[in-house]
>>> print(open('target_25.csv').read())   # CSV, C-alpha atoms and all ligand atoms
chain,number,residue,atom,x,y,z
A,1,MET,CA,-7.4,-5.6,-19.0
A,2,LYS,CA,-6.6,-3.9,-15.7
A,3,ASP,CA,-7.3,-0.2,-15.6
A,4,TYR,CA,-4.9,1.8,-13.6
A,5,ASN,CA,-5.5,5.1,-12.0
A,6,LYS,CA,-3.2,7.6,-13.6
A,7,THR,CA,-3.0,10.1,-10.8
A,8,GLU,CA,-2.5,7.4,-8.2
A,9,ILE,CA,0.3,5.9,-10.1
A,10,ARG,CA,2.0,9.2,-10.8
A,11,ASP,CA,1.8,10.1,-7.1
A,12,SER,CA,3.4,7.0,-5.9
A,13,LEU,CA,6.5,7.4,-8.1
A,14,THR,CA,9.5,8.6,-6.1
A,15,LEU,CA,12.0,11.1,-7.4
A,16,ASP,CA,14.5,8.1,-7.7
A,17,ASN,CA,12.0,6.3,-9.9
A,18,ILE,CA,12.0,9.3,-12.3
A,19,PHE,CA,15.7,9.4,-12.1
A,20,ASP,CA,16.1,5.8,-12.9
A,21,LEU,CA,13.8,6.1,-15.9
A,22,LEU,CA,15.8,9.1,-17.3
A,23,GLN,CA,19.0,7.2,-16.8
A,24,GLU,CA,17.7,4.1,-18.5
A,25,TRP,CA,16.5,6.2,-21.4
A,26,GLY,CA,19.9,7.8,-21.8
A,27,GLY,CA,19.2,11.2,-20.4
A,28,ASP,CA,22.3,11.2,-18.0
A,29,PRO,CA,20.2,12.8,-15.2
A,30,GLU,CA,21.5,14.6,-12.2
A,31,TYR,CA,19.8,15.7,-9.0
A,32,THR,CA,19.4,19.4,-8.5
A,33,SER,CA,17.7,21.7,-6.0
A,34,PHE,CA,14.5,21.7,-8.0
A,35,GLY,CA,14.4,18.1,-8.9
A,36,ILE,CA,16.3,16.6,-11.8
A,37,LEU,CA,18.3,18.0,-14.7
A,38,SER,CA,18.6,15.8,-17.8
A,39,SER,CA,19.6,15.9,-21.4
A,40,THR,CA,16.6,16.2,-23.7
A,41,ILE,CA,15.3,12.8,-24.8
A,42,CYS,CA,11.8,14.1,-25.4
A,43,HIS,CA,12.3,15.2,-29.0
A,44,ASN,CA,15.6,13.6,-29.9
A,45,PRO,CA,17.5,10.3,-29.5
A,46,PRO,CA,19.8,10.0,-26.4
A,47,GLY,CA,23.2,11.6,-26.8
A,48,GLU,CA,22.1,14.2,-29.2
A,49,GLY,CA,20.3,16.8,-27.0
A,50,SER,CA,21.5,19.5,-24.7
A,51,ARG,CA,20.9,19.6,-20.9
A,52,LYS,CA,17.6,21.3,-21.2
A,53,LEU,CA,15.1,18.8,-19.8
A,54,TYR,CA,14.0,19.8,-16.3
A,55,TYR,CA,11.9,17.8,-14.0
A,56,TYR,CA,10.3,19.8,-11.2
A,57,GLU,CA,9.7,17.7,-8.1
A,58,ASN,CA,7.0,20.0,-6.7
A,59,SER,CA,4.8,19.8,-9.7
A,60,GLY,CA,5.7,16.4,-11.0
A,61,LEU,CA,6.1,17.8,-14.5
A,62,PHE,CA,8.9,18.0,-17.1
A,63,LYS,CA,9.7,21.1,-19.0
A,64,CYS,CA,11.9,20.9,-22.1
A,65,TYR,CA,13.6,24.3,-22.8
A,66,THR,CA,14.5,23.7,-26.4
A,67,ASP,CA,12.0,22.0,-28.7
A,68,CYS,CA,8.9,20.9,-26.8
A,69,ASP,CA,6.3,23.5,-26.1
A,70,CYS,CA,4.2,22.5,-23.1
A,71,ALA,CA,5.1,20.9,-19.8
A,72,PHE,CA,4.4,17.2,-19.7
A,73,ASP,CA,4.3,14.4,-17.1
A,74,ILE,CA,6.1,11.0,-16.9
A,75,PHE,CA,3.4,9.2,-19.0
A,76,GLU,CA,3.7,11.7,-21.9
A,77,LEU,CA,7.5,11.4,-21.7
A,78,THR,CA,7.1,7.6,-21.9
A,79,ILE,CA,5.0,8.0,-25.1
A,80,LYS,CA,7.6,10.3,-26.6
A,81,VAL,CA,10.5,8.0,-25.8
A,82,ALA,CA,8.7,4.9,-27.0
A,83,LEU,CA,8.2,6.6,-30.4
A,84,ILE,CA,11.8,7.9,-30.7
A,85,GLN,CA,13.7,5.0,-29.3
A,86,SER,CA,11.6,2.0,-30.2
A,87,ASN,CA,9.4,3.3,-32.9
A,88,ARG,CA,6.3,2.2,-30.9
A,89,ASN,CA,3.0,4.0,-30.8
A,90,MET,CA,1.7,4.0,-27.2
A,91,ASP,CA,-1.4,5.6,-26.0
A,92,LEU,CA,-1.9,7.1,-22.5
A,93,ASN,CA,-3.2,3.8,-21.1
A,94,ASP,CA,-0.3,1.9,-22.4
A,95,ALA,CA,2.1,4.3,-20.8
A,96,VAL,CA,0.3,4.2,-17.5
A,97,ARG,CA,0.4,0.4,-17.5
A,98,TYR,CA,4.0,0.3,-18.5
A,99,ILE,CA,5.0,2.5,-15.6
A,100,ALA,CA,2.8,0.7,-13.1
A,101,TYR,CA,4.2,-2.6,-14.1
A,102,LYS,CA,7.8,-1.5,-14.2
A,103,PHE,CA,7.7,-0.1,-10.7
A,104,ASN,CA,5.5,-2.8,-9.3
A,105,ILE,CA,3.1,-0.2,-8.2
A,106,ILE,CA,-0.1,-2.2,-8.3
A,107,GLY,CA,0.0,-5.9,-7.9
A,108,SER,CA,3.2,-7.9,-8.4
A,109,THR,CA,1.6,-10.6,-10.6
A,110,ILE,CA,1.1,-10.1,-14.2
A,111,GLU,CA,-2.4,-10.7,-15.4
A,112,GLU,CA,-2.9,-12.7,-18.5
A,113,ASP,CA,-3.9,-9.7,-20.5
A,114,ASP,CA,-0.8,-7.9,-19.4
A,115,VAL,CA,1.6,-10.3,-20.9
A,116,GLY,CA,2.0,-7.9,-23.8
A,117,LEU,CA,3.7,-5.6,-21.3
A,118,LEU,CA,6.7,-7.9,-21.2
A,119,ASP,CA,7.7,-6.5,-24.5
A,120,TRP,CA,7.8,-3.1,-23.1
A,121,GLN,CA,9.9,-3.8,-20.1
A,122,TYR,CA,12.9,-3.0,-22.1
A,123,LEU,CA,11.4,-0.1,-24.0
A,124,ASN,CA,14.5,1.9,-24.1
A,125,ASN,CA,17.5,1.0,-26.2
A,126,TYR,CA,15.4,-1.9,-27.3
A,127,ASP,CA,17.5,-2.6,-30.3
A,128,LYS,CA,20.7,-2.5,-28.2
A,129,ILE,CA,19.6,-5.6,-26.3
A,130,SER,CA,20.1,-8.9,-28.2
A,131,GLU,CA,18.7,-11.4,-25.8
A,132,ILE,CA,16.4,-11.2,-22.8
A,133,ASP,CA,15.6,-13.9,-20.4
A,134,ILE,CA,12.9,-12.4,-18.3
A,135,LYS,CA,12.5,-15.3,-15.8
A,136,LYS,CA,16.2,-15.3,-15.0
A,137,GLN,CA,16.4,-11.5,-15.2
A,138,GLU,CA,19.2,-11.8,-17.7
A,139,VAL,CA,19.9,-9.2,-20.3
A,140,LYS,CA,22.5,-9.6,-23.0
A,141,LEU,CA,23.5,-6.3,-24.5
A,142,LYS,CA,24.4,-5.9,-28.1
A,143,GLU,CA,28.1,-6.1,-28.8
A,144,TYR,CA,30.0,-3.4,-30.7
A,145,ASP,CA,33.2,-3.8,-32.7
A,146,LYS,CA,36.1,-3.1,-30.4
A,147,THR,CA,38.3,-1.7,-33.2
A,148,ILE,CA,37.1,1.8,-32.7
A,149,ALA,CA,38.0,1.8,-29.0
A,150,ASN,CA,41.4,0.3,-29.7
A,151,ASN,CA,42.1,2.9,-32.4
A,152,LEU,CA,41.3,5.7,-30.0
A,153,TRP,CA,43.4,4.1,-27.3
A,154,ALA,CA,46.3,4.3,-29.7
A,155,CYS,CA,46.0,8.1,-29.8
A,156,GLY,CA,45.6,8.6,-26.1
A,157,CYS,CA,48.3,11.2,-25.9
A,158,LYS,CA,46.1,13.8,-24.3
A,159,LEU,CA,45.5,11.9,-21.1
A,160,GLY,CA,47.9,14.1,-19.0
A,161,PRO,CA,45.1,15.5,-16.8
A,162,TRP,CA,44.1,12.0,-15.8
A,163,LEU,CA,47.6,10.9,-15.1
A,164,LYS,CA,48.0,14.0,-12.9
A,165,GLU,CA,45.0,13.0,-10.9
A,166,GLY,CA,46.6,9.7,-10.0
A,167,ILE,CA,45.5,7.3,-12.6
A,168,SER,CA,48.4,5.1,-13.7
A,169,GLN,CA,49.4,4.4,-17.3
A,170,ALA,CA,48.9,0.7,-16.6
A,171,ALA,CA,45.2,1.4,-15.7
A,172,ILE,CA,44.8,3.5,-18.9
A,173,ASP,CA,46.3,0.8,-21.0
A,174,HIS,CA,44.5,-2.1,-19.3
A,175,ASN,CA,41.1,-0.5,-19.9
A,176,HIS,CA,41.9,0.9,-23.4
A,177,ILE,CA,41.2,4.5,-22.4
A,178,GLY,CA,41.7,6.7,-25.4
A,179,TYR,CA,41.1,10.1,-26.8
A,180,LEU,CA,38.9,11.5,-29.6
A,181,PHE,CA,40.4,14.6,-31.1
A,182,SER,CA,37.4,15.8,-33.1
A,183,THR,CA,35.3,16.2,-30.0
A,184,ASP,CA,37.9,16.6,-27.3
A,185,GLN,CA,36.7,13.6,-25.4
A,186,ILE,CA,38.5,10.9,-23.4
A,187,SER,CA,37.1,7.6,-24.6
A,188,ILE,CA,36.1,4.9,-22.2
A,189,PRO,CA,35.0,1.5,-23.6
A,190,HIS,CA,32.4,-0.3,-21.5
A,191,TYR,CA,32.5,-4.1,-21.4
A,192,ASP,CA,30.0,-6.5,-20.0
A,193,LYS,CA,31.1,-9.0,-17.4
A,194,ASP,CA,32.4,-11.3,-20.1
A,195,GLY,CA,34.5,-8.7,-21.8
A,196,ARG,CA,32.2,-7.9,-24.8
A,197,MET,CA,32.3,-4.2,-25.6
A,198,VAL,CA,28.7,-2.9,-25.1
A,199,GLY,CA,29.2,0.8,-25.2
A,200,LEU,CA,31.7,3.6,-25.6
A,201,ARG,CA,31.4,6.7,-23.5
A,202,GLY,CA,33.2,10.0,-23.6
A,203,ARG,CA,34.3,12.3,-20.8
A,204,THR,CA,34.5,15.8,-22.4
A,205,MET,CA,37.6,17.9,-21.7
A,206,CYS,CA,35.8,21.0,-23.0
A,207,LYS,CA,34.1,23.1,-20.4
A,208,GLU,CA,31.4,24.5,-22.6
A,209,ASP,CA,30.4,21.0,-23.8
A,210,ALA,CA,30.4,19.8,-20.2
A,211,GLU,CA,27.8,22.4,-19.4
A,212,ARG,CA,25.8,21.9,-22.5
A,213,PHE,CA,25.8,18.1,-22.7
A,214,GLY,CA,27.0,16.9,-19.3
A,215,LYS,CA,30.5,15.6,-18.6
A,216,TYR,CA,29.9,12.1,-19.8
A,217,ARG,CA,27.9,11.0,-22.8
A,218,PRO,CA,28.0,8.2,-25.4
A,219,ILE,CA,30.6,8.7,-28.2
A,220,LYS,CA,29.5,9.2,-31.8
A,221,VAL,CA,32.0,8.3,-34.5
A,222,ASN,CA,31.3,8.2,-38.2
A,223,GLY,CA,27.6,8.5,-37.6
A,224,GLN,CA,27.5,5.5,-35.2
A,225,LEU,CA,26.3,6.3,-31.6
A,226,TYR,CA,27.9,3.8,-29.2
A,227,ASN,CA,25.3,4.1,-26.5
A,228,HIS,CA,23.9,1.4,-24.2
A,229,PRO,CA,21.4,1.3,-21.3
A,230,LEU,CA,23.6,2.1,-18.4
A,231,GLY,CA,21.4,0.4,-15.8
A,232,TYR,CA,21.9,-3.0,-17.4
A,233,ASN,CA,25.6,-3.2,-17.0
A,234,LEU,CA,28.3,-2.5,-14.4
A,235,TYR,CA,31.5,-0.8,-15.6
A,236,ASN,CA,34.6,-2.7,-14.6
A,237,LEU,CA,32.9,-5.9,-13.5
A,238,ASN,CA,34.8,-7.8,-16.2
A,239,ASN,CA,38.0,-6.9,-14.3
A,240,SER,CA,36.8,-7.2,-10.7
A,241,LYS,CA,34.4,-10.1,-10.7
A,242,ASP,CA,36.9,-12.8,-9.7
A,243,ASN,CA,38.3,-10.7,-6.8
A,244,ILE,CA,34.7,-9.9,-5.7
A,245,ARG,CA,34.0,-13.6,-5.5
A,246,THR,CA,37.2,-14.3,-3.6
A,247,ILE,CA,37.0,-11.3,-1.2
A,248,GLY,CA,33.2,-11.3,-0.9
A,249,LYS,CA,33.0,-7.5,-1.2
A,250,ALA,CA,32.3,-5.1,-4.0
A,251,ILE,CA,32.6,-1.3,-4.0
A,252,VAL,CA,30.2,0.7,-6.1
A,253,PHE,CA,31.3,4.1,-7.4
A,254,GLU,CA,29.4,6.5,-9.5
A,255,ALA,CA,31.9,7.1,-12.3
A,256,GLU,CA,34.3,5.0,-14.4
A,257,LYS,CA,37.2,7.2,-13.4
A,258,SER,CA,36.9,6.0,-9.7
A,259,CYS,CA,37.6,2.4,-10.8
A,260,LEU,CA,40.7,3.5,-12.7
A,261,LEU,CA,41.9,5.3,-9.6
A,262,TYR,CA,41.1,2.2,-7.5
A,263,GLN,CA,43.2,0.0,-9.7
A,264,SER,CA,46.0,2.5,-9.7
A,265,TYR,CA,46.2,2.7,-5.9
A,266,PHE,CA,45.5,-0.9,-5.0
A,267,GLY,CA,46.5,-2.9,-8.0
A,268,PHE,CA,44.5,-5.1,-10.4
A,269,GLU,CA,44.9,-8.1,-8.1
A,270,ASN,CA,42.9,-6.3,-5.4
A,271,ASP,CA,40.4,-4.6,-7.6
A,272,ILE,CA,36.8,-5.0,-6.3
A,273,SER,CA,35.4,-1.8,-7.8
A,274,VAL,CA,32.6,-1.2,-10.2
A,275,ALA,CA,30.8,1.9,-11.4
A,276,CYS,CA,27.1,2.2,-11.8
A,277,CYS,CA,27.5,5.2,-14.1
A,278,GLY,CA,25.0,7.5,-12.5
A,279,SER,CA,24.0,8.2,-9.0
A,280,SER,CA,21.7,5.2,-8.4
A,281,LEU,CA,22.2,1.5,-8.4
A,282,SER,CA,19.6,-0.4,-10.5
A,283,SER,CA,18.2,-3.7,-9.3
A,284,PHE,CA,19.8,-5.3,-12.3
A,285,GLN,CA,23.1,-4.0,-11.2
A,286,MET,CA,22.6,-5.2,-7.7
A,287,GLN,CA,21.7,-8.6,-9.0
A,288,MET,CA,24.9,-8.7,-11.0
A,289,LEU,CA,26.9,-8.2,-7.8
A,290,LEU,CA,25.0,-10.9,-6.0
A,291,ASP,CA,25.6,-13.3,-8.9
A,292,ALA,CA,29.3,-12.4,-8.8
A,293,GLY,CA,29.4,-13.5,-5.1
A,294,ALA,CA,29.3,-10.3,-3.2
A,295,LYS,CA,28.4,-10.7,0.4
A,296,GLU,CA,28.9,-7.0,1.2
A,297,VAL,CA,28.2,-4.2,-1.2
A,298,VAL,CA,29.9,-1.0,-0.3
A,299,ILE,CA,28.1,2.1,-1.7
A,300,ALA,CA,30.7,4.7,-2.4
A,301,PHE,CA,28.8,7.6,-4.0
A,302,ASP,CA,30.0,11.2,-4.4
A,303,ARG,CA,29.7,13.7,-1.7
A,304,GLN,CA,26.7,15.4,-3.2
A,305,PHE,CA,26.0,17.9,-0.4
A,306,GLN,CA,27.5,21.2,0.7
A,307,GLU,CA,26.8,21.0,4.4
A,308,LYS,CA,25.2,18.7,6.8
A,309,GLY,CA,21.4,19.1,6.9
A,310,ASP,CA,21.1,21.0,3.6
A,311,GLN,CA,18.6,19.9,0.9
A,312,GLU,CA,21.0,17.8,-1.0
A,313,PHE,CA,22.2,16.1,2.3
A,314,THR,CA,18.6,15.2,3.1
A,315,ARG,CA,18.0,13.8,-0.4
A,316,LEU,CA,21.2,11.8,-0.3
A,317,VAL,CA,20.4,10.3,3.1
A,318,LYS,CA,16.9,9.4,1.9
A,319,LYS,CA,18.3,7.8,-1.2
A,320,LEU,CA,20.8,5.7,0.8
A,321,LYS,CA,18.2,4.6,3.3
A,322,ALA,CA,15.9,3.5,0.5
A,323,LEU,CA,18.7,1.4,-1.0
A,324,ASP,CA,19.3,-0.2,2.3
A,325,GLN,CA,15.7,-1.0,2.8
A,326,LYS,CA,15.4,-2.5,-0.6
A,327,TYR,CA,18.4,-4.9,-0.3
A,328,ARG,CA,19.1,-5.4,3.4
A,329,ASN,CA,17.5,-8.9,3.4
A,330,GLU,CA,19.6,-10.1,0.6
A,331,VAL,CA,23.1,-8.7,1.3
A,332,LEU,CA,25.0,-6.5,3.7
A,333,VAL,CA,24.9,-3.0,2.3
A,334,SER,CA,27.4,-0.5,3.8
A,335,PHE,CA,27.9,3.1,2.9
A,336,ILE,CA,30.9,5.4,2.6
A,337,PHE,CA,29.6,8.6,3.8
A,338,ASP,CA,31.9,11.6,4.2
A,339,LYS,CA,30.0,13.2,7.1
A,340,ASN,CA,33.1,15.1,8.3
A,341,MET,CA,33.6,16.5,4.8
A,342,ILE,CA,37.2,15.6,4.4
A,343,THR,CA,36.7,15.5,0.6
A,344,GLY,CA,35.3,18.3,-1.6
A,345,TYR,CA,31.8,19.0,-2.7
A,346,LYS,CA,30.8,16.4,-5.4
A,347,ALA,CA,34.0,14.5,-5.0
A,348,SER,CA,34.1,10.7,-5.3
A,349,PRO,CA,35.5,9.2,-2.1
A,350,ILE,CA,38.6,8.1,-4.0
A,351,ASP,CA,39.2,11.4,-5.9
A,352,GLU,CA,41.5,12.9,-3.3
A,353,GLY,CA,44.0,10.1,-2.8
A,354,LYS,CA,44.5,6.8,-1.2
A,355,GLU,CA,44.8,7.9,2.5
A,356,LYS,CA,41.4,9.7,2.5
A,357,PHE,CA,39.8,6.8,0.7
A,358,LEU,CA,41.1,4.3,3.2
A,359,LYS,CA,39.9,6.4,6.1
A,360,LEU,CA,36.5,6.7,4.6
A,361,PHE,CA,36.4,3.0,3.8
A,362,LYS,CA,37.3,2.1,7.4
A,363,GLU,CA,34.6,4.4,8.7
A,364,ARG,CA,31.9,3.1,6.4
A,365,ILE,CA,28.6,2.7,8.0
A,366,VAL,CA,25.9,0.1,8.1
A,367,LEU,CA,22.3,1.4,8.6
B,1,ZN,ZN,11.9,18.3,-25.9
>>> encode(input="target_25.csv", output="structure tokens", more="lines below")
Ligand SMILES: [Zn+2]
Amino acid sequence: MKDYNKTEIRDSLTLDNIFDLLQEWGGDPEYTSFGILSSTICHNPPGEGSRKLYYYENSGLFKCYTDCDCAFDIFELTIKVALIQSNRNMDLNDAVRYIAYKFNIIGSTIEEDDVGLLDWQYLNNYDKISEIDIKKQEVKLKEYDKTIANNLWACGCKLGPWLKEGISQAAIDHNHIGYLFSTDQISIPHYDKDGRMVGLRGRTMCKEDAERFGKYRPIKVNGQLYNHPLGYNLYNLNNSKDNIRTIGKAIVFEAEKSCLLYQSYFGFENDISVACCGSSLSSFQMQMLLDAGAKEVVIAFDRQFQEKGDQEFTRLVKKLKALDQKYRNEVLVSFIFDKNMITGYKASPIDEGKEKFLKLFKERIVL
């Protein structure tokens, strides 16, 4: 069995690696000035904690401000998540090997002794995945009963704010967007590319909840949490896959709402949008776009910087460059980048209307 050097591995993890892990484990992370802010997943299952798990980039340590006492590193978090989400007991060595393997940090080939690691590749939401074909890199997520989403759609009478923002009733109906009174959440069913419902997420309309839990989180109804590993699916690919194949382009937004706006402005017949549901695109998600026939992938992330050259700006540019480096040999990657700041801070390129979006789209850049 290969022994990995813990410190070496920890030091070679990038901030985006940490972000991806938190996203995969259901923490709904977001970048901040100090590093990453996430919902707690260290002492509770995803979707149940408040936004009190902080990751500090300078120390490489997590601090949970509710239930956990001491600061901990990524390996200790891995151990905690394995126990909570997969009922697995890992020791420190297991966790280090899991991370090393996952990010391909040391050696790309799997040694015979490491075959057991394959089981851990899908550590998170393990019970949400019904089939895995590792060689083909295919993951089939567990399907939920659609009835709940359709019932919520039927009481979607409080969607006025979204209609006001430009989303059409046709898009709301087409995607079965609904409303959950008990928690004041707009409900958004997530389907896989074949139209199976694999998750149900809520956008809270309550300001305090948004601050405490984050704007988007999985919906819980009658004790059932409708969560899914976000990095293994692309929102709206079920609607846009045929157009992506015909047109050869795909546009990747961060949030579901941007796809609804896209359909409202340009029609279902021109829809080439998907949402990665976070601020990073996983390699699984990229593979799904390649499989769908995309020759160009347009990254259309939010304007997550206040002014050119600030800390967030530098981080965003670094992130986009890394994305480009990773995929440039496989596909043309272009970026919508609002360098003239015609949209607001944290806005999606499509948030402020069709004209601004088209301008940004035309001026998209290739690195
Ligand atoms: Zn905790």
>>> closest_residue(input="target_25.csv", among="A:Asn233, A:Gln304, A:Asn222, A:Gln311", to="Met286 in chain A", atoms="all atoms listed in the file")
A:Asn233
>>> residues_around(input="target_25.csv", residues="range 37-45 of chain A", least_positions_apart="3", cutoff="10 Å", atoms="all atoms listed in the file", output="PyMOL selection string")
chain A and resi 19+22-23+25-34+48-56+62-68+72+76-85+125+212-214+217+225
>>> residues_around(input="target_25.csv", residues="range 260-268 of chain A", least_positions_apart="5", cutoff="12 Å", atoms="all atoms listed in the file", output="PyMOL selection string")
chain A and resi 162-177+188+235-236+238-244+250-253+255+273-275+300+348-358
>>> write_last_selection(input="target_25.csv", atoms="C-alpha atoms", output="mmCIF file, in the frame of the given file")
data_model
loop_
_atom_site.group_PDB
_atom_site.id
_atom_site.type_symbol
_atom_site.label_atom_id
_atom_site.label_comp_id
_atom_site.auth_asym_id
_atom_site.auth_seq_id
_atom_site.Cartn_x
_atom_site.Cartn_y
_atom_site.Cartn_z
ATOM 1 C CA TRP A 162 44.100 12.000 -15.800
ATOM 2 C CA LEU A 163 47.600 10.900 -15.100
ATOM 3 C CA LYS A 164 48.000 14.000 -12.900
ATOM 4 C CA GLU A 165 45.000 13.000 -10.900
ATOM 5 C CA GLY A 166 46.600 9.700 -10.000
ATOM 6 C CA ILE A 167 45.500 7.300 -12.600
ATOM 7 C CA SER A 168 48.400 5.100 -13.700
ATOM 8 C CA GLN A 169 49.400 4.400 -17.300
ATOM 9 C CA ALA A 170 48.900 0.700 -16.600
ATOM 10 C CA ALA A 171 45.200 1.400 -15.700
ATOM 11 C CA ILE A 172 44.800 3.500 -18.900
ATOM 12 C CA ASP A 173 46.300 0.800 -21.000
ATOM 13 C CA HIS A 174 44.500 -2.100 -19.300
ATOM 14 C CA ASN A 175 41.100 -0.500 -19.900
ATOM 15 C CA HIS A 176 41.900 0.900 -23.400
ATOM 16 C CA ILE A 177 41.200 4.500 -22.400
ATOM 17 C CA ILE A 188 36.100 4.900 -22.200
ATOM 18 C CA TYR A 235 31.500 -0.800 -15.600
ATOM 19 C CA ASN A 236 34.600 -2.700 -14.600
ATOM 20 C CA ASN A 238 34.800 -7.800 -16.200
ATOM 21 C CA ASN A 239 38.000 -6.900 -14.300
ATOM 22 C CA SER A 240 36.800 -7.200 -10.700
ATOM 23 C CA LYS A 241 34.400 -10.100 -10.700
ATOM 24 C CA ASP A 242 36.900 -12.800 -9.700
ATOM 25 C CA ASN A 243 38.300 -10.700 -6.800
ATOM 26 C CA ILE A 244 34.700 -9.900 -5.700
ATOM 27 C CA ALA A 250 32.300 -5.100 -4.000
ATOM 28 C CA ILE A 251 32.600 -1.300 -4.000
ATOM 29 C CA VAL A 252 30.200 0.700 -6.100
ATOM 30 C CA PHE A 253 31.300 4.100 -7.400
ATOM 31 C CA ALA A 255 31.900 7.100 -12.300
ATOM 32 C CA SER A 273 35.400 -1.800 -7.800
ATOM 33 C CA VAL A 274 32.600 -1.200 -10.200
ATOM 34 C CA ALA A 275 30.800 1.900 -11.400
ATOM 35 C CA ALA A 300 30.700 4.700 -2.400
ATOM 36 C CA SER A 348 34.100 10.700 -5.300
ATOM 37 C CA PRO A 349 35.500 9.200 -2.100
ATOM 38 C CA ILE A 350 38.600 8.100 -4.000
ATOM 39 C CA ASP A 351 39.200 11.400 -5.900
ATOM 40 C CA GLU A 352 41.500 12.900 -3.300
ATOM 41 C CA GLY A 353 44.000 10.100 -2.800
ATOM 42 C CA LYS A 354 44.500 6.800 -1.200
ATOM 43 C CA GLU A 355 44.800 7.900 2.500
ATOM 44 C CA LYS A 356 41.400 9.700 2.500
ATOM 45 C CA PHE A 357 39.800 6.800 0.700
ATOM 46 C CA LEU A 358 41.100 4.300 3.200
#
>>> residues_around(input="target_25.csv", residues="Gln287 in chain A", least_positions_apart="4", cutoff="12 Å", atoms="all atoms listed in the file", output="MDAnalysis selection string")
chainID A and resid 136:139 231:234 281:283 291:295 297 327 330:331
>>> write_last_selection(input="target_25.csv", atoms="C-alpha atoms", output="PDB file, keeping the file's coordinate frame")
ATOM      1  CA  LYS A 136      16.200 -15.300 -15.000  1.00  0.00           C
ATOM      2  CA  GLN A 137      16.400 -11.500 -15.200  1.00  0.00           C
ATOM      3  CA  GLU A 138      19.200 -11.800 -17.700  1.00  0.00           C
ATOM      4  CA  VAL A 139      19.900  -9.200 -20.300  1.00  0.00           C
ATOM      5  CA  GLY A 231      21.400   0.400 -15.800  1.00  0.00           C
ATOM      6  CA  TYR A 232      21.900  -3.000 -17.400  1.00  0.00           C
ATOM      7  CA  ASN A 233      25.600  -3.200 -17.000  1.00  0.00           C
ATOM      8  CA  LEU A 234      28.300  -2.500 -14.400  1.00  0.00           C
ATOM      9  CA  LEU A 281      22.200   1.500  -8.400  1.00  0.00           C
ATOM     10  CA  SER A 282      19.600  -0.400 -10.500  1.00  0.00           C
ATOM     11  CA  SER A 283      18.200  -3.700  -9.300  1.00  0.00           C
ATOM     12  CA  ASP A 291      25.600 -13.300  -8.900  1.00  0.00           C
ATOM     13  CA  ALA A 292      29.300 -12.400  -8.800  1.00  0.00           C
ATOM     14  CA  GLY A 293      29.400 -13.500  -5.100  1.00  0.00           C
ATOM     15  CA  ALA A 294      29.300 -10.300  -3.200  1.00  0.00           C
ATOM     16  CA  LYS A 295      28.400 -10.700   0.400  1.00  0.00           C
ATOM     17  CA  VAL A 297      28.200  -4.200  -1.200  1.00  0.00           C
ATOM     18  CA  TYR A 327      18.400  -4.900  -0.300  1.00  0.00           C
ATOM     19  CA  GLU A 330      19.600 -10.100   0.600  1.00  0.00           C
ATOM     20  CA  VAL A 331      23.100  -8.700   1.300  1.00  0.00           C
TER      21      VAL A 331
END
>>> atom_distance(input="target_25.csv", atom1="CA of Ser279 in chain A", atom2="CA of Phe301 in chain A")
7.0 Å
>>> atom_distance(input="target_25.csv", atom1="CA of Leu316 in chain A", atom2="CA of Leu237 in chain A")
25.0 Å
>>> atom_distance(input="target_25.csv", atom1="CA of Ala154 in chain A", atom2="CA of Asp184 in chain A")
15.1 Å
>>> closest_residue(input="target_25.csv", among="A:Asp69, A:Leu323, A:Lys257, A:Leu290", to="ligand ZN 1 (chain B)", atoms="only C-alpha atoms and all ligand atoms")
A:Asp69
>>> closest_residue(input="target_25.csv", among="A:Lys318, A:Arg201, A:Arg10, A:Arg245", to="Pro189 in chain A", atoms="only C-alpha atoms")
A:Arg201
>>> closest_residue(input="target_25.csv", among="A:Ala71, A:Met341, A:Ile247, A:Leu367", to="ligand ZN 1 (chain B)", atoms="all atoms listed in the file")
A:Ala71
>>> residues_around(input="target_25.csv", residues="Gln306 in chain A", least_positions_apart="5", cutoff="10 Å", atoms="all atoms listed in the file", output="MDAnalysis selection string")
chainID A and resid 311:313 341 344:346
